[in-house]
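Chemist: Have a look at this one.
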Amino acid sequence: MDIKAVVVDDEQLARDELCYLLEQAGGVTVVAQAANGRDALALIAEHGPDLVFLDVQMPGLNGFEVARQVLERQDRGDANDPDDAPGGTEIVFVTAFDQYALDAFQVDAVDYLLKPVDPERLDQAVQRARRRIGARVGPRAGDEGGAGERPIANAELERLVKRIAQGQPSRRERLAVKVGERFFLVDAGDVIFATLADEVVTVAATGFTGTSNYRTLDELQAQLDPETFWRVHRAYLVNINKIKEIVPWFSRNYILKMSDAKSTEIPVSRSQTKRLREYLRL
């Protein structure tokens with residue numbers, strides 16, 4: 001049986017490309033397309049799709065706001081009439097911005113695809129959605145292990161919607177770090193240091209090193225605990241809990257040796273030397 005899908009993106013070319021890829025892959029019937037969040041909600045209510053491919057940044061309602069309202073409708077439907085409750089709609093976010101990848105998984109999205117969409121990744125997302133759709137025959141909302149977890153996702157979506165609307169970053173306990181073509185979710189406490197070179201932010205974490213989608217160290221620092229992550233140099237942000245050794249340097253400055261495999265040496269700027277001395281009582 002084909003999956004019924006709705007494709008939502010404010011760019012016509014992006015919708016056309018995704019619909020073409022879905023047609024080539026087979027097993028998915030696109031029953032409607034929408035160019036904005038409000039039209040998407042109306043079409044989702046009309047068609048009751050199994051799956052929605054949803055852009056994040058759109059005029060009016062953003063993708064997380066659409067997802068929140070879709071889940072709220074499903075919660076109300078289950079609560080009001082369990083016998084006629086909708087089967088539910090799964091969501092795959094499709095966007096050019098990978099800084100929302102972690103947010104998407106936190107709200108229980110099926111998958112998160114980056115533009116331009118790779119056909120193999122799209123097929124993986126569809127197969128993952130198919131497994132979830134097949135499993136929905138199980139417990140209803142409120143049953144143990146069933147859809148009763150959705151209100152937690154709604155609360156998380158509400159937070160994301162407000163953050164995007166206000167243009168304010170939320171402090172993260174985990175970060176997405178790209179290694180090759182894969183994204184790894186890293187506990188903030190496992191980040192050793194980050195550095196900026198050639199307009200690329202590189203993150204060294206316990207076990208591997210990769211790149212971040214944040215464009216500057218200021219953007220990355222705003223996401224992290226300021227008591228733990230210090231900007232000891234204009235080109236370096238360090239986790240003070242991951243300093244292995246402090247080496248005295250000329251003019252009463254210091255070099256930090258970090259706890260990564262290379263024991264990376266990081267200079268401390270003159271303006272941060274005093275703070276470091278006071279904190280560590282050097």
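Residue numbering restarts at 1 in every chain; chains get A, B, ... in the order shown in the structure tokens, and ligands count up from 1 in that same order.
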Give me, as a list in words, all polymer residues having an atom no more than 10 Å from Val7 in chain A, counting only C-alpha atoms and skipping those fewer than 6 positions away in the same chain.

Modeler: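 Selected residues are Ala14, Arg15, Asp16, Leu18, Cys19, Val30, Val31, Ala32, Gln33, Ala34, Ala35, Ala40, Leu43, Ile44, Leu51, Val52, Phe53, Leu54, Asp55, Val92 and Val94 of chain A.
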
Chemist: Of the candidates A:Asp187, A:Asp39, A:Asp9, A:Asp218, which shows the shortest atom-to-atom distance to Ala205 in chain A, using only C-alpha atoms?

Modeler: A:Asp187

Chemist: Kindly indicate which residue among A:Tyr254, A:Tyr236, A:Tyr214, A:Phe208 lies nearest to Leu282 in chain A, using only C-alpha atoms for the distances.

Modeler: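 Closest to Leu282 in chain A, using only C-alpha atoms: A:Tyr254.
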
Chemist: Contacts of Gly134 in chain A at 12 Å or less, counting only C-alpha atoms, minus same-chain residues fewer than 6 places along, as an mmCIF file with C-alpha atoms, in the first residue's frame?

Modeler:
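So the final result, stored in out_15.cif, reads:
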data_model
loop_
_atom_site.group_PDB
_atom_site.id
_atom_site.type_symbol
_atom_site.label_atom_id
_atom_site.label_comp_id
_atom_site.auth_asym_id
_atom_site.auth_seq_id
_atom_site.Cartn_x
_atom_site.Cartn_y
_atom_site.Cartn_z
ATOM 1 C CA MET A 1 0.000 0.000 0.000
ATOM 2 C CA ASP A 2 1.304 3.440 -0.936
ATOM 3 C CA ILE A 3 1.993 6.045 1.711
ATOM 4 C CA ASP A 50 0.356 9.273 6.550
ATOM 5 C CA GLY A 87 -4.175 7.059 12.598
ATOM 6 C CA GLY A 88 -1.720 9.915 12.970
ATOM 7 C CA THR A 89 0.651 11.762 10.685
ATOM 8 C CA GLU A 90 4.396 11.278 10.697
ATOM 9 C CA GLN A 127 11.267 3.208 4.918
ATOM 10 C CA ARG A 128 11.568 4.529 8.472
#

Chemist: Quick one: of A:Asn62, A:Thr211, A:Thr206, A:Thr95, who's nearest to Ala261 in chain A, counting only C-alpha atoms?

Modeler: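 Once distances to Ala261 in chain A are computed over only C-alpha atoms, the minimum belongs to A:Thr206.
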
Chemist: So that I can check the secondary structure, give me every residue of range 14-98 of chain A assigned strand (DSSP E or B) by backbone DSSP, as number ranges by chain.

Modeler: A: 28-34, 51-54, 90-95

Chemist: Any idea what the distance is between CA of Phe193 in chain A and CA of Val247 in chain A?

Modeler: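 Distance reported for this atom pair: 17.1 Å.
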
Chemist: Hey, can you check how far CA of Gly60 in chain A sits from CA of Gln12 in chain A?

Modeler: 16.7 Å

Chemist: Using only C-alpha atoms, can you tell me which of A:Ala96, A:Leu220, A:Leu276, A:Ile192 comes closest to Ile255 in chain A?

Modeler: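 So, comparing all the options, the nearest one is A:Leu276.
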
Chemist: Could you please determine the separation between CA of Asp118 in chain A and CA of Ile133 in chain A in Å, to one decimal place?

Modeler: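 These two atoms are separated by 22.4 Å.
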
Chemist: From the list A:Gln69, A:Gln57, A:Thr29, A:Gln124, which residue is nearest Leu41 in chain A when using only C-alpha atoms?

Modeler: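 Closest residue, counting only C-alpha atoms: A:Gln69.
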